[in-house]
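Everything below concerns the one structure shown next.
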Amino acid sequence: MAEAIQKKLQAELEKYQQLQKDLSKSMSARQKLEAQLTENNIVKEELGLLEAQNTVYKLIGPVLVKQDLDEAKATVGKRLEYITGEIQRHETLLKEMELQSEQHRELLSSLQQEYQRAQGRAPVKV
């Protein structure tokens, strides 16, 4: 009986470790999105300081291409909307993963206690 519990405990521990890795990856992705959001907010502020006669260039590959100021502002605005949506999606995902992690932690704790009880009751073989 103790061996069956130990196998189940090991399988659940592996699932928990994978969940922790996924949680870490998702947190890292969210941090990158936050950095992009900050950068794009700065770009939006800079574009807001420009006047209609100022020239705006967009980097496409190795070439700078002239771009309309209104078009640049619209592009940055849409990028900000997208990044904000992705951040919200990651926050929801993180909350779900943290809830799953907590549930897994409780399951592991109960399995560990069950395993210890089974070991204590098992007859000693000489």
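We name chains A, B, ... following the order of the structure tokens; residues begin at 1 in each chain, and ligands are numbered from 1 as shown.
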At a cut-off of 12 Å, using only C-alpha atoms, what residues contact Arg89 of chain A? Leave out same-chain residues fewer than 3 positions from it and give the result as a ChimeraX atom specification. /A:26-27,29-30,33,82-86,92-96
Just how far from atom CA of Ala2 of chain A is atom CA of Leu111 of chain A, in Å to one decimal? 10.6 Å
Suppose you want the space between atom CA of Glu106 of chain A and atom CA of Tyr16 of chain A; what is it in Å?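 We find that atom CA of Glu106 of chain A and atom CA of Tyr16 of chain A lie 10.8 Å from each other.
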List the spatial neighbours of Leu107 of chain A as a PDB file with all heavy atoms, in the first residue's frame - criterion: any atom at most 12 Å away, only C-alpha atoms, same-chain residues fewer than 2 positions off excluded.
ATOM      1  N   LYS A   8       1.933   7.516  -6.390  1.00  0.00           N
ATOM      2  CA  LYS A   8       0.968   8.597  -6.618  1.00  0.00           C
ATOM      3  C   LYS A   8       1.555   9.923  -6.147  1.00  0.00           C
ATOM      4  O   LYS A   8       1.407  10.951  -6.822  1.00  0.00           O
ATOM      5  CB  LYS A   8      -0.335   8.294  -5.881  1.00  0.00           C
ATOM      6  CG  LYS A   8      -1.431   9.278  -6.178  1.00  0.00           C
ATOM      7  CD  LYS A   8      -2.752   8.876  -5.541  1.00  0.00           C
ATOM      8  CE  LYS A   8      -3.814   9.903  -5.887  1.00  0.00           C
ATOM      9  NZ  LYS A   8      -5.099   9.586  -5.280  1.00  0.00           N
ATOM     10  N   LEU A   9       2.230   9.895  -5.010  1.00  0.00           N
ATOM     11  CA  LEU A   9       2.864  11.096  -4.474  1.00  0.00           C
ATOM     12  C   LEU A   9       3.928  11.609  -5.443  1.00  0.00           C
ATOM     13  O   LEU A   9       3.999  12.815  -5.716  1.00  0.00           O
ATOM     14  CB  LEU A   9       3.493  10.791  -3.107  1.00  0.00           C
ATOM     15  CG  LEU A   9       4.187  11.941  -2.376  1.00  0.00           C
ATOM     16  CD1 LEU A   9       3.197  13.046  -2.051  1.00  0.00           C
ATOM     17  CD2 LEU A   9       4.839  11.433  -1.094  1.00  0.00           C
ATOM     18  N   GLN A  10       4.721  10.707  -5.995  1.00  0.00           N
ATOM     19  CA  GLN A  10       5.768  11.103  -6.939  1.00  0.00           C
ATOM     20  C   GLN A  10       5.160  11.713  -8.206  1.00  0.00           C
ATOM     21  O   GLN A  10       5.637  12.730  -8.699  1.00  0.00           O
ATOM     22  CB  GLN A  10       6.636   9.880  -7.306  1.00  0.00           C
ATOM     23  CG  GLN A  10       7.836  10.216  -8.150  1.00  0.00           C
ATOM     24  CD  GLN A  10       8.839  11.100  -7.436  1.00  0.00           C
ATOM     25  OE1 GLN A  10       8.991  11.032  -6.219  1.00  0.00           O
ATOM     26  NE2 GLN A  10       9.517  11.946  -8.186  1.00  0.00           N
ATOM     27  N   ALA A  11       4.088  11.125  -8.715  1.00  0.00           N
ATOM     28  CA  ALA A  11       3.428  11.643  -9.917  1.00  0.00           C
ATOM     29  C   ALA A  11       2.853  13.037  -9.659  1.00  0.00           C
ATOM     30  O   ALA A  11       2.998  13.940 -10.501  1.00  0.00           O
ATOM     31  CB  ALA A  11       2.326  10.692 -10.366  1.00  0.00           C
ATOM     32  N   GLU A  12       2.221  13.212  -8.518  1.00  0.00           N
ATOM     33  CA  GLU A  12       1.644  14.515  -8.177  1.00  0.00           C
ATOM     34  C   GLU A  12       2.739  15.561  -7.957  1.00  0.00           C
ATOM     35  O   GLU A  12       2.573  16.721  -8.316  1.00  0.00           O
ATOM     36  CB  GLU A  12       0.759  14.411  -6.927  1.00  0.00           C
ATOM     37  CG  GLU A  12      -0.527  13.651  -7.144  1.00  0.00           C
ATOM     38  CD  GLU A  12      -1.439  14.289  -8.186  1.00  0.00           C
ATOM     39  OE1 GLU A  12      -1.489  15.525  -8.285  1.00  0.00           O
ATOM     40  OE2 GLU A  12      -2.092  13.529  -8.919  1.00  0.00           O
ATOM     41  N   LEU A  13       3.862  15.130  -7.405  1.00  0.00           N
ATOM     42  CA  LEU A  13       4.987  16.043  -7.199  1.00  0.00           C
ATOM     43  C   LEU A  13       5.530  16.520  -8.544  1.00  0.00           C
ATOM     44  O   LEU A  13       5.831  17.699  -8.721  1.00  0.00           O
ATOM     45  CB  LEU A  13       6.085  15.355  -6.394  1.00  0.00           C
ATOM     46  CG  LEU A  13       7.302  16.219  -6.046  1.00  0.00           C
ATOM     47  CD1 LEU A  13       6.884  17.421  -5.212  1.00  0.00           C
ATOM     48  CD2 LEU A  13       8.345  15.395  -5.316  1.00  0.00           C
ATOM     49  N   LYS A  15       3.813  16.742 -11.350  1.00  0.00           N
ATOM     50  CA  LYS A  15       2.811  17.668 -11.893  1.00  0.00           C
ATOM     51  C   LYS A  15       2.954  19.046 -11.236  1.00  0.00           C
ATOM     52  O   LYS A  15       2.871  20.078 -11.897  1.00  0.00           O
ATOM     53  CB  LYS A  15       1.393  17.147 -11.641  1.00  0.00           C
ATOM     54  CG  LYS A  15       0.998  15.986 -12.504  1.00  0.00           C
ATOM     55  CD  LYS A  15      -0.431  15.557 -12.160  1.00  0.00           C
ATOM     56  CE  LYS A  15      -0.827  14.272 -12.830  1.00  0.00           C
ATOM     57  NZ  LYS A  15      -2.166  13.832 -12.422  1.00  0.00           N
ATOM     58  N   TYR A  16       3.180  19.038  -9.938  1.00  0.00           N
ATOM     59  CA  TYR A  16       3.339  20.298  -9.191  1.00  0.00           C
ATOM     60  C   TYR A  16       4.572  21.058  -9.672  1.00  0.00           C
ATOM     61  O   TYR A  16       4.522  22.267  -9.867  1.00  0.00           O
ATOM     62  CB  TYR A  16       3.429  19.994  -7.691  1.00  0.00           C
ATOM     63  CG  TYR A  16       3.646  21.217  -6.835  1.00  0.00           C
ATOM     64  CD1 TYR A  16       2.612  22.122  -6.610  1.00  0.00           C
ATOM     65  CD2 TYR A  16       4.878  21.473  -6.244  1.00  0.00           C
ATOM     66  CE1 TYR A  16       2.801  23.243  -5.824  1.00  0.00           C
ATOM     67  CE2 TYR A  16       5.077  22.588  -5.453  1.00  0.00           C
ATOM     68  CZ  TYR A  16       4.034  23.470  -5.251  1.00  0.00           C
ATOM     69  OH  TYR A  16       4.225  24.591  -4.477  1.00  0.00           O
ATOM     70  N   GLN A 100      -4.407  26.627  -8.800  1.00  0.00           N
ATOM     71  CA  GLN A 100      -4.064  25.222  -9.043  1.00  0.00           C
ATOM     72  C   GLN A 100      -2.863  24.799  -8.204  1.00  0.00           C
ATOM     73  O   GLN A 100      -2.830  23.696  -7.663  1.00  0.00           O
ATOM     74  CB  GLN A 100      -3.751  24.996 -10.520  1.00  0.00           C
ATOM     75  CG  GLN A 100      -4.942  25.045 -11.428  1.00  0.00           C
ATOM     76  CD  GLN A 100      -4.544  24.894 -12.892  1.00  0.00           C
ATOM     77  OE1 GLN A 100      -3.367  24.910 -13.239  1.00  0.00           O
ATOM     78  NE2 GLN A 100      -5.540  24.753 -13.758  1.00  0.00           N
ATOM     79  N   SER A 101      -1.897  25.691  -8.095  1.00  0.00           N
ATOM     80  CA  SER A 101      -0.696  25.396  -7.318  1.00  0.00           C
ATOM     81  C   SER A 101      -1.049  25.175  -5.851  1.00  0.00           C
ATOM     82  O   SER A 101      -0.550  24.242  -5.214  1.00  0.00           O
ATOM     83  CB  SER A 101       0.294  26.551  -7.464  1.00  0.00           C
ATOM     84  OG  SER A 101       1.441  26.324  -6.706  1.00  0.00           O
ATOM     85  N   GLU A 102      -1.911  26.020  -5.329  1.00  0.00           N
ATOM     86  CA  GLU A 102      -2.337  25.880  -3.927  1.00  0.00           C
ATOM     87  C   GLU A 102      -3.078  24.551  -3.724  1.00  0.00           C
ATOM     88  O   GLU A 102      -2.846  23.848  -2.739  1.00  0.00           O
ATOM     89  CB  GLU A 102      -3.225  27.058  -3.522  1.00  0.00           C
ATOM     90  CG  GLU A 102      -3.655  27.040  -2.080  1.00  0.00           C
ATOM     91  CD  GLU A 102      -2.505  27.115  -1.101  1.00  0.00           C
ATOM     92  OE1 GLU A 102      -1.503  27.787  -1.385  1.00  0.00           O
ATOM     93  OE2 GLU A 102      -2.615  26.480  -0.027  1.00  0.00           O
ATOM     94  N   GLN A 103      -3.951  24.207  -4.659  1.00  0.00           N
ATOM     95  CA  GLN A 103      -4.681  22.942  -4.560  1.00  0.00           C
ATOM     96  C   GLN A 103      -3.725  21.752  -4.627  1.00  0.00           C
ATOM     97  O   GLN A 103      -3.871  20.778  -3.887  1.00  0.00           O
ATOM     98  CB  GLN A 103      -5.731  22.844  -5.661  1.00  0.00           C
ATOM     99  CG  GLN A 103      -6.879  23.810  -5.493  1.00  0.00           C
ATOM    100  CD  GLN A 103      -7.794  23.861  -6.698  1.00  0.00           C
ATOM    101  OE1 GLN A 103      -7.458  23.382  -7.778  1.00  0.00           O
ATOM    102  NE2 GLN A 103      -8.960  24.469  -6.524  1.00  0.00           N
ATOM    103  N   HIS A 104      -2.737  21.837  -5.513  1.00  0.00           N
ATOM    104  CA  HIS A 104      -1.747  20.772  -5.627  1.00  0.00           C
ATOM    105  C   HIS A 104      -0.930  20.650  -4.341  1.00  0.00           C
ATOM    106  O   HIS A 104      -0.616  19.541  -3.901  1.00  0.00           O
ATOM    107  CB  HIS A 104      -0.804  21.050  -6.806  1.00  0.00           C
ATOM    108  CG  HIS A 104      -0.946  20.080  -7.918  1.00  0.00           C
ATOM    109  ND1 HIS A 104      -1.882  20.214  -8.903  1.00  0.00           N
ATOM    110  CD2 HIS A 104      -0.269  18.939  -8.181  1.00  0.00           C
ATOM    111  CE1 HIS A 104      -1.776  19.210  -9.736  1.00  0.00           C
ATOM    112  NE2 HIS A 104      -0.804  18.424  -9.330  1.00  0.00           N
ATOM    113  N   ARG A 105      -0.588  21.794  -3.759  1.00  0.00           N
ATOM    114  CA  ARG A 105       0.186  21.791  -2.522  1.00  0.00           C
ATOM    115  C   ARG A 105      -0.590  21.081  -1.418  1.00  0.00           C
ATOM    116  O   ARG A 105      -0.029  20.283  -0.663  1.00  0.00           O
ATOM    117  CB  ARG A 105       0.506  23.232  -2.124  1.00  0.00           C
ATOM    118  CG  ARG A 105       1.685  23.368  -1.213  1.00  0.00           C
ATOM    119  CD  ARG A 105       2.068  24.816  -0.923  1.00  0.00           C
ATOM    120  NE  ARG A 105       2.416  25.552  -2.121  1.00  0.00           N
ATOM    121  CZ  ARG A 105       1.813  26.680  -2.531  1.00  0.00           C
ATOM    122  NH1 ARG A 105       0.840  27.198  -1.820  1.00  0.00           N
ATOM    123  NH2 ARG A 105       2.198  27.290  -3.620  1.00  0.00           N
ATOM    124  N   SER A 109       0.401  17.562   0.422  1.00  0.00           N
ATOM    125  CA  SER A 109       0.499  17.484   1.871  1.00  0.00           C
ATOM    126  C   SER A 109      -0.317  16.306   2.412  1.00  0.00           C
ATOM    127  O   SER A 109       0.167  15.534   3.250  1.00  0.00           O
ATOM    128  CB  SER A 109       0.014  18.790   2.486  1.00  0.00           C
ATOM    129  OG  SER A 109       0.046  18.713   3.875  1.00  0.00           O
ATOM    130  N   SER A 110      -1.528  16.156   1.907  1.00  0.00           N
ATOM    131  CA  SER A 110      -2.365  15.047   2.389  1.00  0.00           C
ATOM    132  C   SER A 110      -1.798  13.696   1.956  1.00  0.00           C
ATOM    133  O   SER A 110      -1.811  12.731   2.727  1.00  0.00           O
ATOM    134  CB  SER A 110      -3.804  15.200   1.904  1.00  0.00           C
ATOM    135  OG  SER A 110      -3.877  15.080   0.505  1.00  0.00           O
ATOM    136  N   LEU A 111      -1.262  13.620   0.736  1.00  0.00           N
ATOM    137  CA  LEU A 111      -0.648  12.359   0.287  1.00  0.00           C
ATOM    138  C   LEU A 111       0.589  12.026   1.108  1.00  0.00           C
ATOM    139  O   LEU A 111       0.835  10.859   1.427  1.00  0.00           O
ATOM    140  CB  LEU A 111      -0.275  12.446  -1.198  1.00  0.00           C
ATOM    141  CG  LEU A 111      -1.396  12.268  -2.207  1.00  0.00           C
ATOM    142  CD1 LEU A 111      -0.907  12.558  -3.620  1.00  0.00           C
ATOM    143  CD2 LEU A 111      -1.975  10.869  -2.132  1.00  0.00           C
ATOM    144  N   GLN A 112       1.350  13.047   1.443  1.00  0.00           N
ATOM    145  CA  GLN A 112       2.551  12.833   2.237  1.00  0.00           C
ATOM    146  C   GLN A 112       2.186  12.302   3.625  1.00  0.00           C
ATOM    147  O   GLN A 112       2.809  11.361   4.128  1.00  0.00           O
ATOM    148  CB  GLN A 112       3.314  14.136   2.355  1.00  0.00           C
ATOM    149  CG  GLN A 112       4.772  13.985   2.679  1.00  0.00           C
ATOM    150  CD  GLN A 112       5.517  15.299   2.545  1.00  0.00           C
ATOM    151  OE1 GLN A 112       4.926  16.373   2.649  1.00  0.00           O
ATOM    152  NE2 GLN A 112       6.816  15.229   2.321  1.00  0.00           N
ATOM    153  N   GLN A 113       1.144  12.871   4.230  1.00  0.00           N
ATOM    154  CA  GLN A 113       0.693  12.397   5.538  1.00  0.00           C
ATOM    155  C   GLN A 113       0.187  10.963   5.447  1.00  0.00           C
ATOM    156  O   GLN A 113       0.474  10.134   6.311  1.00  0.00           O
ATOM    157  CB  GLN A 113      -0.397  13.313   6.088  1.00  0.00           C
ATOM    158  CG  GLN A 113       0.124  14.676   6.489  1.00  0.00           C
ATOM    159  CD  GLN A 113      -1.003  15.635   6.849  1.00  0.00           C
ATOM    160  OE1 GLN A 113      -2.170  15.298   6.751  1.00  0.00           O
ATOM    161  NE2 GLN A 113      -0.636  16.851   7.257  1.00  0.00           N
ATOM    162  N   GLU A 114      -0.550  10.675   4.378  1.00  0.00           N
ATOM    163  CA  GLU A 114      -1.081   9.322   4.177  1.00  0.00           C
ATOM    164  C   GLU A 114       0.066   8.324   4.010  1.00  0.00           C
ATOM    165  O   GLU A 114       0.027   7.220   4.557  1.00  0.00           O
ATOM    166  CB  GLU A 114      -1.975   9.318   2.935  1.00  0.00           C
ATOM    167  CG  GLU A 114      -2.738   8.040   2.715  1.00  0.00           C
ATOM    168  CD  GLU A 114      -3.652   8.133   1.509  1.00  0.00           C
ATOM    169  OE1 GLU A 114      -4.092   9.242   1.160  1.00  0.00           O
ATOM    170  OE2 GLU A 114      -3.920   7.081   0.916  1.00  0.00           O
TER     171      GLU A 114
END
Write out as a list of chain:residue names each polymer residue whose atoms come within 9 Å of segment 34-47 of chain A, counting only C-alpha atoms; drop sequence neighbours fewer than 2 positions from it. A:Ala29, A:Arg30, A:Gln31, A:Lys32, A:Leu49, A:Leu50, A:Glu51, A:Val56, A:Leu69, A:Ala72, A:Lys73, A:Val76, A:Gly77, A:Arg79, A:Leu80, A:Ile83, A:Thr84, A:Ile87
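Separating atom CA of Ser28 of chain A from atom CA of Glu14 of chain A is a distance of 21.2 Å.
Counting only C-alpha atoms and comparing A:Met1, A:Leu99, A:Gln17, A:Asp22, the residue that lies closest to Gly120 of chain A is A:Met1.
Among the candidates A:Glu91, A:Lys58, A:Ala118, A:Gln53, the one nearest to Thr75 of chain A when counting only C-alpha atoms is A:Lys58.
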As a PyMOL selection string, please: every residue in chain A that a backbone DSSP assignment puts in strand (DSSP E or B). chain A and resi 56-60+63-67
Write down as a VMD selection string the residues belonging to segment 9-93 of chain A that are assigned alpha helix (DSSP H) by DSSP computed on the backbone. chain A and resid 9 to 49 69 to 93
Out of A:Glu98, A:Tyr115, A:Glu3, A:Gly61, which residue has the shortest atom-to-atom distance to Lys21 of chain A when counting only C-alpha atoms? A:Glu98
